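Peer 1: Okay, here's the structure, questions in a sec.
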Amino acid sequence: MDPAWAALYIFLLAAATGYEVISRVPVILHTPLMSGSNFIHGIVVVGAMVILGKADTPVEQAIGFVGVVLGAANAAGGYVVTERMLEMFERKPKS
Amino acid sequence: MGNLVELAYFLTALLFILGLKRMASPATARSGMVWAGVAMVVATLVTFLTPGMENFGLMILALIIGTVVAWVAAKKVQMTDMPQMVAIYNGMGGGAAGAIAAVVLLRGEYGGDLGLKFLAILGGLIGSVAFSGSIVAFAKLQGLMPGRPIQFPGQKPLNVVVLLAALVLVVVLMPQESPLLILVFFVLALSFGVLMTLPIGGGDMPVAVSLFNAMTGLAVGFEGFAIGNAALIVAGTVVGAAGTLLTLLMAKAMNRSLWSVLVGGFGVEQETGEVKGSIKSIDLEDAVVMLGYASRVIFVPGYGMAVAQAQHKLREVADVLESKGVRVDYAIHPVAGRMPGHMNVLLAEAGVAYEKLHDLEDINPEFPQADVAVVIGANDVVNPAAHRKGSPLYGMPILDVDKAKNAIVIKRGQGKGFAGVENELFFADNTRMLYGDAQSVLGQLVQSLKKL
């Protein structure tokens, strides 16, 4: 099979997975889930690292550097925000 | 080495999906997040082993800067400010996707494979729009900019022209890699992100943030194809699809089509409808008696309570009432607060038991049995006008507070909700208004109820 077709199938299956995961979520978890999915696309940091790692010119290095900073912030910030939201669902009432 | 990296990415993608799945249920949500977190750390570490990499010093420095700054900022922020934090971190992800696209385009790596190059450019466009749009959303939610829709003459034509120009450059850039054109392309994309977010009002912002979240996911997925990185492809695409569905669900819960959110300007025009009846206020002592001798009370918290940060005081009132044998429940509208689920987060923070929070479908049949329904800073979501054709709110699901035996509305003043529609509930015979800041009113209620 042509790699382009394989890529298209990956895209299709991944999209179906994302759709399926969300469709059975109670409304109360929508915000934490949005935050959680926000964290997950923080994986972009890995792509930015590869770009920076293979950069040859100062311009490429600068853009790659900014990309890694932004990606890392997306991942780290997204994690903490989601974690703080979810933490609250576990705590018992302090009555 | 290369295979080890690929294997780690494969496991990362698997853990992300399983983690996201676990996040879909309150009981397993936290463990799901931990799974995803572990996957992220493993993927980041293993990337250092990618063959042919240099610039490790810069890379580690960038990772430390981004992680530490974001970590500290996210730890410090108030729970009520979470929506804008989601916006800003999401924007950063979009920016990172844009950065990847910029380097890919500058290097001209895909002279032969136009399909991949097209995805790289498209991802760059989507990511850049999400980046600048999220920053404007952040500024509006944070109060750095007016939250109301910002409109000016010729705005819509200008937006269309900017978007079309960016799309033209997508095509123009296909056969070449002129740095100047690449720069113009990114400037146009970033400008469009700002322009499209300006006319969106504060009330609609959660939908816009959610949309930008989905866009960032898609951009990350596209860049994943461009640089041949499976972890980016799977994680980005999953988030793109999940985020799109989430956006549509949110818009539906607010009775707004995605299109009308994007066109913007909602809440600018005022409806001048005649409402029968008059607004009657109640003083604190009477409210205390009404609540103290009720057998069933339902609280309806809204945006105003979130802004006043009165969730802890609300729980205190509920605790006192429960100690007197009153049954207390909370009715949560799907869009109460600033985002779907936001109110639950705030109440959970105040220590309210999860079982006492009820969705709209579950609680609405219960209102007729409630002696008192207490509305705290909610407006449009309890407006019975939504049942009547011709109202701008028509069709929006509402909490049936008007069906309760009595209703007390705690409110700062007589202002209208986001929709700018007069609230018919406030004019009903069995509704009493208790004016004041939610925080102080609830505080006084606690004191007086204890003495009752």
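Labeling convention for the structure tokens: chains A, B, ... as they appear, residues from 1 per chain, ligands from 1 in order of appearance.
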Please produce, as a tab-separated table, a per-residue contact table for stretch 62-178 of chain B versus stretch 308-321 of chain B (criterion: any atom at most 12 Å away, only C-alpha atoms considered), showing the nearest atom pair and its distance in Å to one decimal, sorted by chain then residue number.

Peer 2:
```
residue	atom	partner	partner_atom	distance
B:Gln78	CA	B:Gln309	CA	9.7
B:Met79	CA	B:Gln309	CA	9.2
B:Thr80	CA	B:Gln309	CA	7.4
B:Asp81	CA	B:Gln309	CA	10.6
```

Peer 1: Those selected residues, please, written with all heavy atoms and delivered as a compact mmCIF listing (two decimals), in the first residue's frame.

Peer 2:
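Listed below is the output, again-v2.txt:
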```txt
# COMPACT_ATOMS: atom_id res chain seq x y z
N GLN B 78 -5.85 31.28 40.13
CA GLN B 78 -7.10 30.95 40.81
C GLN B 78 -7.93 29.99 39.97
O GLN B 78 -7.89 30.05 38.75
CB GLN B 78 -7.93 32.23 40.99
CG GLN B 78 -7.36 33.23 41.96
CD GLN B 78 -7.66 32.87 43.39
OE1 GLN B 78 -8.59 32.12 43.65
NE2 GLN B 78 -6.86 33.36 44.31
N MET B 79 -8.74 29.17 40.64
CA MET B 79 -9.58 28.23 39.89
C MET B 79 -10.55 28.94 38.93
O MET B 79 -10.85 28.44 37.86
CB MET B 79 -10.40 27.37 40.85
CG MET B 79 -9.66 26.18 41.42
SD MET B 79 -8.77 25.20 40.21
CE MET B 79 -10.12 24.41 39.35
N THR B 80 -11.02 30.13 39.33
CA THR B 80 -11.96 30.83 38.46
C THR B 80 -11.28 31.32 37.18
O THR B 80 -11.95 31.64 36.21
CB THR B 80 -12.57 32.04 39.18
OG1 THR B 80 -11.56 32.63 39.98
CG2 THR B 80 -13.75 31.65 40.02
N ASP B 81 -9.95 31.40 37.20
CA ASP B 81 -9.23 31.90 36.03
C ASP B 81 -8.76 30.78 35.11
O ASP B 81 -8.04 31.02 34.14
CB ASP B 81 -8.01 32.71 36.48
CG ASP B 81 -8.41 34.00 37.17
OD1 ASP B 81 -9.56 34.43 36.95
OD2 ASP B 81 -7.60 34.56 37.91
```

Peer 1: Using only C-alpha atoms, I'd like a table of the residues in chain A that come within 7 Å of chain B; for each, show the closest atom pair and its distance in Å rounded to one decimal, ordered by chain and ascending number, as CSV.

Peer 2:
```
residue,atom,partner,partner_atom,distance
A:Phe11,CA,B:Thr237,CA,6.5
A:Ala14,CA,B:Val238,CA,5.1
A:Ala15,CA,B:Ala241,CA,5.0
A:Thr17,CA,B:Val238,CA,6.3
A:Gly18,CA,B:Val238,CA,4.2
A:Tyr19,CA,B:Ala242,CA,4.8
A:Val21,CA,B:Lys21,CA,5.6
A:Ile22,CA,B:Ala242,CA,5.7
A:Val25,CA,B:Ala24,CA,5.1
A:Val27,CA,B:Gly341,CA,6.0
A:Ile28,CA,B:Gly341,CA,3.9
A:Leu29,CA,B:Gly341,CA,5.6
A:His30,CA,B:Gly341,CA,5.5
A:Thr31,CA,B:Gly341,CA,5.2
A:Leu33,CA,B:Met23,CA,6.6
A:Met34,CA,B:Ser210,CA,6.9
A:Ser35,CA,B:Val86,CA,6.0
A:Ser37,CA,B:Val239,CA,5.7
A:Asn38,CA,B:Asn90,CA,5.8
A:Ile40,CA,B:Ala235,CA,6.4
A:His41,CA,B:Gly236,CA,5.5
A:Gly42,CA,B:Gly93,CA,5.9
A:Ile43,CA,B:Leu232,CA,6.2
A:Val44,CA,B:Val220,CA,5.9
A:Val46,CA,B:Thr44,CA,5.8
A:Ala48,CA,B:Ile100,CA,5.9
A:Met49,CA,B:Met59,CA,6.5
A:Ile51,CA,B:Ile100,CA,6.5
A:Leu52,CA,B:Asn55,CA,6.8
A:Gly53,CA,B:Met53,CA,4.5
A:Lys54,CA,B:Met53,CA,5.5
A:Glu60,CA,B:Val103,CA,5.9
A:Ile63,CA,B:Ala99,CA,5.8
A:Gly64,CA,B:Ala99,CA,6.5
A:Phe65,CA,B:Ala62,CA,6.0
A:Gly67,CA,B:Ala96,CA,4.2
A:Val68,CA,B:Ala62,CA,5.8
A:Val69,CA,B:Gly66,CA,4.3
A:Leu70,CA,B:Met92,CA,4.9
A:Gly71,CA,B:Gly93,CA,5.2
A:Ala72,CA,B:Gly66,CA,4.9
A:Ala73,CA,B:Gly66,CA,4.4
A:Asn74,CA,B:Tyr89,CA,4.6
A:Ala76,CA,B:Thr67,CA,5.3
A:Gly77,CA,B:Ala70,CA,4.7
A:Gly78,CA,B:Tyr89,CA,6.3
A:Val80,CA,B:Ala74,CA,5.9
A:Val81,CA,B:Ala74,CA,5.8
A:Met85,CA,B:Val345,CA,6.1
A:Leu86,CA,B:Arg30,CA,6.0
A:Met88,CA,B:Glu349,CA,5.1
A:Phe89,CA,B:Ala348,CA,5.8
A:Arg91,CA,B:Gly351,CA,6.9
A:Lys92,CA,B:Gly351,CA,6.5
A:Pro93,CA,B:Gly351,CA,4.3
A:Lys94,CA,B:Gly351,CA,6.0
```

Peer 1: For atom CA of A:Asp56 and atom CA of B:Ala8, quote the distance in Å rounded to one decimal.

Peer 2: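 Computed distance, atom CA of A:Asp56 to atom CA of B:Ala8, equals 26.3 Å.
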
Peer 1: When you count only C-alpha atoms, which of these residues is closest to A:Glu83: A:Gly47, A:Pro26, A:Gly36, A:Pro3?

Peer 2: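 Result for the nearest residue to A:Glu83: A:Gly36.
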
Peer 1: Restricting the calculation to only C-alpha atoms: of B:Glu177, B:Ile135, B:Asp402, B:Ile376, which residue gets closest to B:Lys117?

Peer 2: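 Nearest candidate to B:Lys117 out of B:Glu177, B:Ile135, B:Asp402, B:Ile376: B:Glu177.
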
Peer 1: So how far away is atom CA of B:Gly377 from atom CA of B:Pro301, in Å?

Peer 2: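 Answer for the atom CA of B:Pro301 to atom CA of B:Gly377 separation: 6.3 Å.
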
Peer 1: How would you write, as a ChimeraX atom specification, the set of residues in stretch 244-414 of chain B that DSSP gives as alpha helix (DSSP H)?

Peer 2: /B:244-253,258-263,284-292,303-308,311-323,342-349,360-363
